[in-house]
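Shown below: protein-v5.csv, with CSV, C-alpha atoms.
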```
chain,number,residue,atom,x,y,z
A,1,MET,CA,0.0,0.0,0.0
A,2,PHE,CA,2.8,2.4,0.8
A,3,ASN,CA,5.5,1.1,-1.5
A,4,ASP,CA,6.2,4.4,-3.1
A,5,ILE,CA,6.7,6.4,0.1
A,6,GLY,CA,10.4,7.2,0.8
A,7,ALA,CA,12.1,7.7,4.2
A,8,LEU,CA,12.1,11.5,3.9
A,9,GLU,CA,8.3,11.5,3.2
A,10,LEU,CA,7.7,9.2,6.1
A,11,VAL,CA,9.7,11.4,8.5
A,12,THR,CA,7.8,14.5,7.2
A,13,ILE,CA,4.4,12.8,7.9
A,14,VAL,CA,5.5,11.8,11.4
A,15,VAL,CA,6.7,15.3,12.2
A,16,LEU,CA,3.5,16.8,10.8
A,17,ALA,CA,1.4,14.4,12.8
A,18,ILE,CA,3.3,15.3,16.0
A,19,LEU,CA,2.8,19.0,15.3
A,20,ILE,CA,-0.9,18.7,14.5
A,21,PHE,CA,-2.1,16.2,17.1
A,22,GLY,CA,0.6,16.6,19.8
A,23,PRO,CA,2.5,13.9,21.5
A,24,ASP,CA,-0.4,13.2,24.0
A,25,LYS,CA,-3.2,12.6,21.4
A,26,LEU,CA,-1.0,10.9,18.7
A,27,PRO,CA,-1.3,7.3,20.1
A,28,LYS,CA,-5.1,7.6,20.3
A,29,VAL,CA,-5.2,8.9,16.7
A,30,ILE,CA,-3.0,6.0,15.4
A,31,GLN,CA,-5.3,3.5,17.1
A,32,ASP,CA,-8.4,5.1,15.6
A,33,VAL,CA,-6.9,5.2,12.1
A,34,SER,CA,-5.7,1.6,12.3
A,35,GLY,CA,-9.1,0.4,13.6
A,36,PHE,CA,-10.8,2.3,10.7
A,37,ILE,CA,-8.4,0.6,8.2
A,38,ARG,CA,-9.2,-2.8,9.7
A,39,LYS,CA,-13.0,-2.2,9.4
A,40,VAL,CA,-12.7,-1.1,5.8
A,41,ARG,CA,-10.6,-4.2,5.0
A,42,ALA,CA,-13.2,-6.5,6.7
A,43,PHE,CA,-16.0,-4.8,4.9
A,44,SER,CA,-14.3,-5.2,1.5
A,45,ASP,CA,-13.5,-8.9,2.2
A,46,SER,CA,-17.1,-9.6,3.2
A,47,ALA,CA,-18.4,-7.8,0.1
A,48,LYS,CA,-16.0,-9.9,-2.1
A,49,GLN,CA,-17.3,-13.1,-0.5
A,50,ASP,CA,-20.9,-12.0,-1.0
A,51,ILE,CA,-20.3,-11.3,-4.6
A,52,ARG,CA,-18.6,-14.6,-5.1
A,53,SER,CA,-21.4,-16.5,-3.4
A,54,GLU,CA,-24.0,-14.6,-5.6
A,55,LEU,CA,-22.2,-15.3,-8.8
A,56,GLY,CA,-22.4,-19.1,-8.3
A,57,PRO,CA,-20.0,-22.0,-8.6
A,58,GLU,CA,-18.9,-21.3,-12.1
A,59,PHE,CA,-17.1,-18.2,-10.8
A,60,LYS,CA,-15.4,-19.9,-7.9
A,61,ASP,CA,-11.9,-19.0,-9.2
A,62,PHE,CA,-12.9,-15.4,-10.0
A,63,GLU,CA,-10.4,-12.9,-8.8
A,64,PHE,CA,-11.2,-9.2,-8.5
A,65,GLU,CA,-7.7,-8.3,-9.6
A,66,ASP,CA,-8.6,-9.8,-13.0
A,67,LEU,CA,-10.9,-6.7,-13.5
A,68,ASN,CA,-7.8,-4.6,-13.8
A,69,PRO,CA,-7.3,-4.2,-17.6
A,70,LYS,CA,-3.5,-4.8,-17.4
A,71,THR,CA,-3.9,-7.9,-15.4
A,72,PHE,CA,-6.7,-9.2,-17.6
A,73,LEU,CA,-4.8,-8.7,-20.8
A,74,ARG,CA,-1.6,-10.2,-19.4
A,75,LYS,CA,-3.6,-13.3,-18.2
A,76,GLN,CA,-5.4,-13.7,-21.6
A,77,LEU,CA,-2.2,-13.3,-23.6
A,78,ALA,CA,-0.4,-15.9,-21.4
A,79,GLU,CA,-3.2,-18.5,-21.6
A,80,ASN,CA,-4.0,-18.3,-25.3
A,81,GLU,CA,-2.1,-20.9,-27.3
A,82,ASP,CA,-2.6,-19.3,-30.7
A,83,LEU,CA,-1.1,-16.0,-29.5
A,84,ARG,CA,1.8,-17.7,-27.9
A,85,GLU,CA,2.5,-19.5,-31.2
A,86,ILE,CA,2.2,-16.3,-33.2
A,87,ARG,CA,4.5,-14.4,-30.8
A,88,SER,CA,7.1,-17.2,-31.0
A,89,THR,CA,7.1,-17.2,-34.9
A,90,PHE,CA,7.0,-13.4,-35.4
A,91,ASP,CA,10.3,-11.7,-35.7
A,92,LEU,CA,9.9,-7.9,-35.9
A,93,ARG,CA,13.5,-7.2,-37.0
A,94,LYS,CA,13.2,-9.7,-39.9
A,95,GLU,CA,9.9,-8.2,-41.0
A,96,LEU,CA,11.3,-4.7,-40.9
A,97,ASN,CA,14.4,-5.8,-42.8
A,98,ASP,CA,12.2,-7.4,-45.5
A,99,VAL,CA,10.2,-4.2,-45.9
A,100,THR,CA,13.3,-2.1,-46.0
A,101,ASP,CA,14.8,-4.3,-48.6
A,102,ALA,CA,11.6,-4.3,-50.7
A,103,VAL,CA,11.5,-0.5,-50.6
A,104,ASN,CA,15.2,-0.1,-51.5
A,105,SER,CA,15.0,-2.6,-54.3
A,106,ARG,CA,12.0,-0.9,-55.8
A,107,GLU,CA,13.8,2.4,-55.7
A,108,THR,CA,16.9,1.0,-57.4
A,109,ALA,CA,14.9,-0.9,-59.9
A,110,SER,CA,12.8,2.2,-60.9
A,111,ALA,CA,15.9,4.4,-61.3
A,112,PRO,CA,17.3,2.6,-64.4
A,113,ALA,CA,13.9,2.3,-65.9
A,114,ALA,CA,13.5,6.1,-65.7
A,115,ALA,CA,16.8,6.6,-67.4
A,116,GLY,CA,15.8,4.8,-70.5
A,117,ALA,CA,14.2,7.0,-73.2
A,118,SER,CA,11.6,4.4,-74.3
A,119,ALA,CA,10.8,3.1,-70.8
A,120,ALA,CA,7.2,3.0,-70.0
A,121,PRO,CA,5.9,4.5,-66.7
A,122,ALA,CA,5.8,2.1,-63.8
A,123,ALA,CA,2.5,0.4,-63.2
A,124,THR,CA,2.8,0.8,-59.5
A,125,GLY,CA,1.7,4.5,-59.5
A,126,PRO,CA,3.3,7.8,-59.0
A,127,ASP,CA,6.5,8.2,-57.0
A,128,LEU,CA,5.4,9.7,-53.8
A,129,LEU,CA,8.9,10.5,-52.6
A,130,LYS,CA,9.5,13.0,-55.4
A,131,LYS,CA,8.5,16.6,-55.0
A,132,PRO,CA,6.0,17.7,-57.7
A,133,ALA,CA,7.4,20.2,-60.1
A,134,ALA,CA,6.2,23.8,-59.6
A,135,PRO,CA,3.8,24.9,-62.3
A,136,ALA,CA,5.0,27.5,-64.8
A,137,ALA,CA,4.2,31.1,-64.1
A,138,ASP,CA,1.5,31.3,-66.7
A,139,GLN,CA,-0.2,28.2,-65.4
A,140,ARG,CA,-0.6,29.4,-61.9
A,141,THR,CA,-4.0,30.6,-60.9
A,142,PRO,CA,-4.2,34.3,-60.1
A,143,TYR,CA,-4.3,35.3,-56.4
A,144,ASP,CA,-7.7,36.5,-55.4
A,145,ALA,CA,-7.7,38.5,-52.2
A,146,ASP,CA,-11.4,38.6,-51.9
A,147,ALA,CA,-11.7,34.8,-51.9
A,148,THR,CA,-9.6,34.5,-48.7
```

As a first step, turn the structure in this file into structure tokens.
Amino acid sequence: MFNDIGALELVTIVVLAILIFGPDKLPKVIQDVSGFIRKVRAFSDSAKQDIRSELGPEFKDFEFEDLNPKTFLRKQLAENEDLREIRSTFDLRKELNDVTDAVNSRETASAPAAAGASAAPAATGPDLLKKPAAPAADQRTPYDADAT
């Protein structure tokens, strides 16, 4: 519960508690707070037991921690055989290298084809990596200040 509280923060809390409640009332406050925490835990445990009993025997192994999305996904991914098989066969580096090689080979293959005078345009479509040529001055549409 208090895993992320450091020593300096704990000392600060103790000093503030002594300053606020005083050394005489501090033990009584600690007892009251610990009793309240015990009651809340007992209430939550009884509520969990009531929910489990109402759900029936098919949910006997139900854990409330499974409702956390991270825990649920981790459990589902670990139990699913198909996903485990896909994860073991999938190599991201190999896939990225294959894609990079395919892109590089297409660029090198299209460069000699473009150099030839009688070469037909590639059937794959326009080269999206090239910048389009700027239109000639007489082809540009006139600027209309009223339209903007």

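Ranking A:Asp32, A:Leu26, A:Ala133, A:Leu67 by their shortest atom-to-atom distance to Val14 of chain A, with only C-alpha atoms included, puts A:Leu26 first.
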
What gap, in Å, lies between atom CA of Thr71 of chain A and atom CA of Gly6 of chain A?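 Computing the Euclidean distance for atom CA of Thr71 of chain A and atom CA of Gly6 of chain A yields 26.4 Å.
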
Please compute the atom CA of Ile30 of chain A-atom CA of Thr12 of chain A distance, one decimal, in Å.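 Atom CA of Ile30 of chain A sits 16.0 Å away from atom CA of Thr12 of chain A.
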
Could you tell me how far atom CA of Gln49 of chain A lies from atom CA of Val33 of chain A, in Å and to one decimal?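 Taking atom CA of Gln49 of chain A as the start and atom CA of Val33 of chain A as the end point, the length is 24.5 Å.
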
Kindly indicate which residue among A:Glu65, A:Glu79, A:Asp4, A:Asp144 lies nearest to Lys48 of chain A, using all atoms listed in the file for the distances.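 The closest residue to Lys48 of chain A is A:Glu65.
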
With distances taken over only C-alpha atoms, which residue among A:Lys131, A:Glu81, A:Arg93, A:Lys75 lies nearest Glu63 of chain A? A:Lys75

Output segment 50-68 of chain A from the block with N, CA, C and O atoms, as a PDB file, in the first residue's frame?
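File written: decode.pdb
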```
ATOM      1  N   ASP A  50     -19.510 -12.035  -0.573  1.00  0.00           N
ATOM      2  CA  ASP A  50     -20.921 -11.985  -0.977  1.00  0.00           C
ATOM      3  C   ASP A  50     -21.061 -12.020  -2.496  1.00  0.00           C
ATOM      4  O   ASP A  50     -21.924 -12.722  -3.033  1.00  0.00           O
ATOM      5  N   ILE A  51     -20.215 -11.272  -3.180  1.00  0.00           N
ATOM      6  CA  ILE A  51     -20.284 -11.253  -4.641  1.00  0.00           C
ATOM      7  C   ILE A  51     -19.942 -12.623  -5.202  1.00  0.00           C
ATOM      8  O   ILE A  51     -20.615 -13.122  -6.115  1.00  0.00           O
ATOM      9  N   ARG A  52     -18.921 -13.269  -4.667  1.00  0.00           N
ATOM     10  CA  ARG A  52     -18.554 -14.615  -5.144  1.00  0.00           C
ATOM     11  C   ARG A  52     -19.680 -15.612  -4.907  1.00  0.00           C
ATOM     12  O   ARG A  52     -19.955 -16.468  -5.751  1.00  0.00           O
ATOM     13  N   SER A  53     -20.323 -15.530  -3.733  1.00  0.00           N
ATOM     14  CA  SER A  53     -21.413 -16.474  -3.447  1.00  0.00           C
ATOM     15  C   SER A  53     -22.617 -16.207  -4.342  1.00  0.00           C
ATOM     16  O   SER A  53     -23.319 -17.131  -4.742  1.00  0.00           O
ATOM     17  N   GLU A  54     -22.879 -14.940  -4.688  1.00  0.00           N
ATOM     18  CA  GLU A  54     -24.005 -14.616  -5.561  1.00  0.00           C
ATOM     19  C   GLU A  54     -23.733 -15.014  -7.011  1.00  0.00           C
ATOM     20  O   GLU A  54     -24.666 -15.327  -7.745  1.00  0.00           O
ATOM     21  N   LEU A  55     -22.481 -14.983  -7.446  1.00  0.00           N
ATOM     22  CA  LEU A  55     -22.151 -15.344  -8.823  1.00  0.00           C
ATOM     23  C   LEU A  55     -22.328 -16.828  -9.080  1.00  0.00           C
ATOM     24  O   LEU A  55     -22.614 -17.238 -10.192  1.00  0.00           O
ATOM     25  N   GLY A  56     -22.136 -17.635  -8.089  1.00  0.00           N
ATOM     26  CA  GLY A  56     -22.351 -19.064  -8.251  1.00  0.00           C
ATOM     27  C   GLY A  56     -21.059 -19.838  -8.397  1.00  0.00           C
ATOM     28  O   GLY A  56     -19.958 -19.283  -8.389  1.00  0.00           O
ATOM     29  N   PRO A  57     -21.184 -21.181  -8.538  1.00  0.00           N
ATOM     30  CA  PRO A  57     -20.002 -22.041  -8.570  1.00  0.00           C
ATOM     31  C   PRO A  57     -19.156 -21.893  -9.837  1.00  0.00           C
ATOM     32  O   PRO A  57     -17.975 -22.215  -9.816  1.00  0.00           O
ATOM     33  N   GLU A  58     -19.736 -21.394 -10.934  1.00  0.00           N
ATOM     34  CA  GLU A  58     -18.930 -21.263 -12.150  1.00  0.00           C
ATOM     35  C   GLU A  58     -17.901 -20.143 -12.045  1.00  0.00           C
ATOM     36  O   GLU A  58     -16.977 -20.077 -12.835  1.00  0.00           O
ATOM     37  N   PHE A  59     -18.059 -19.280 -11.056  1.00  0.00           N
ATOM     38  CA  PHE A  59     -17.098 -18.193 -10.840  1.00  0.00           C
ATOM     39  C   PHE A  59     -16.298 -18.390  -9.556  1.00  0.00           C
ATOM     40  O   PHE A  59     -15.866 -17.432  -8.937  1.00  0.00           O
ATOM     41  N   LYS A  60     -16.075 -19.639  -9.167  1.00  0.00           N
ATOM     42  CA  LYS A  60     -15.382 -19.895  -7.904  1.00  0.00           C
ATOM     43  C   LYS A  60     -13.922 -19.450  -7.940  1.00  0.00           C
ATOM     44  O   LYS A  60     -13.363 -19.083  -6.921  1.00  0.00           O
ATOM     45  N   ASP A  61     -13.303 -19.461  -9.134  1.00  0.00           N
ATOM     46  CA  ASP A  61     -11.909 -19.041  -9.233  1.00  0.00           C
ATOM     47  C   ASP A  61     -11.778 -17.584  -9.684  1.00  0.00           C
ATOM     48  O   ASP A  61     -10.714 -17.139 -10.070  1.00  0.00           O
ATOM     49  N   PHE A  62     -12.869 -16.825  -9.616  1.00  0.00           N
ATOM     50  CA  PHE A  62     -12.875 -15.422 -10.017  1.00  0.00           C
ATOM     51  C   PHE A  62     -12.069 -14.584  -9.027  1.00  0.00           C
ATOM     52  O   PHE A  62     -12.232 -14.697  -7.827  1.00  0.00           O
ATOM     53  N   GLU A  63     -11.190 -13.771  -9.578  1.00  0.00           N
ATOM     54  CA  GLU A  63     -10.390 -12.860  -8.754  1.00  0.00           C
ATOM     55  C   GLU A  63     -10.698 -11.431  -9.178  1.00  0.00           C
ATOM     56  O   GLU A  63     -10.778 -11.124 -10.365  1.00  0.00           O
ATOM     57  N   PHE A  64     -10.864 -10.558  -8.204  1.00  0.00           N
ATOM     58  CA  PHE A  64     -11.193  -9.170  -8.509  1.00  0.00           C
ATOM     59  C   PHE A  64     -10.014  -8.441  -9.144  1.00  0.00           C
ATOM     60  O   PHE A  64     -10.209  -7.442  -9.822  1.00  0.00           O
ATOM     61  N   GLU A  65      -8.825  -8.934  -8.952  1.00  0.00           N
ATOM     62  CA  GLU A  65      -7.659  -8.327  -9.585  1.00  0.00           C
ATOM     63  C   GLU A  65      -7.708  -8.510 -11.096  1.00  0.00           C
ATOM     64  O   GLU A  65      -7.083  -7.766 -11.841  1.00  0.00           O
ATOM     65  N   ASP A  66      -8.476  -9.519 -11.570  1.00  0.00           N
ATOM     66  CA  ASP A  66      -8.610  -9.752 -13.010  1.00  0.00           C
ATOM     67  C   ASP A  66      -9.418  -8.644 -13.687  1.00  0.00           C
ATOM     68  O   ASP A  66      -9.406  -8.536 -14.909  1.00  0.00           O
ATOM     69  N   LEU A  67     -10.127  -7.834 -12.907  1.00  0.00           N
ATOM     70  CA  LEU A  67     -10.896  -6.740 -13.484  1.00  0.00           C
ATOM     71  C   LEU A  67      -9.996  -5.580 -13.903  1.00  0.00           C
ATOM     72  O   LEU A  67     -10.418  -4.725 -14.677  1.00  0.00           O
ATOM     73  N   ASN A  68      -8.777  -5.569 -13.399  1.00  0.00           N
ATOM     74  CA  ASN A  68      -7.810  -4.567 -13.837  1.00  0.00           C
ATOM     75  C   ASN A  68      -7.448  -4.883 -15.288  1.00  0.00           C
ATOM     76  O   ASN A  68      -7.050  -5.997 -15.599  1.00  0.00           O
TER      77      ASN A  68
END
```
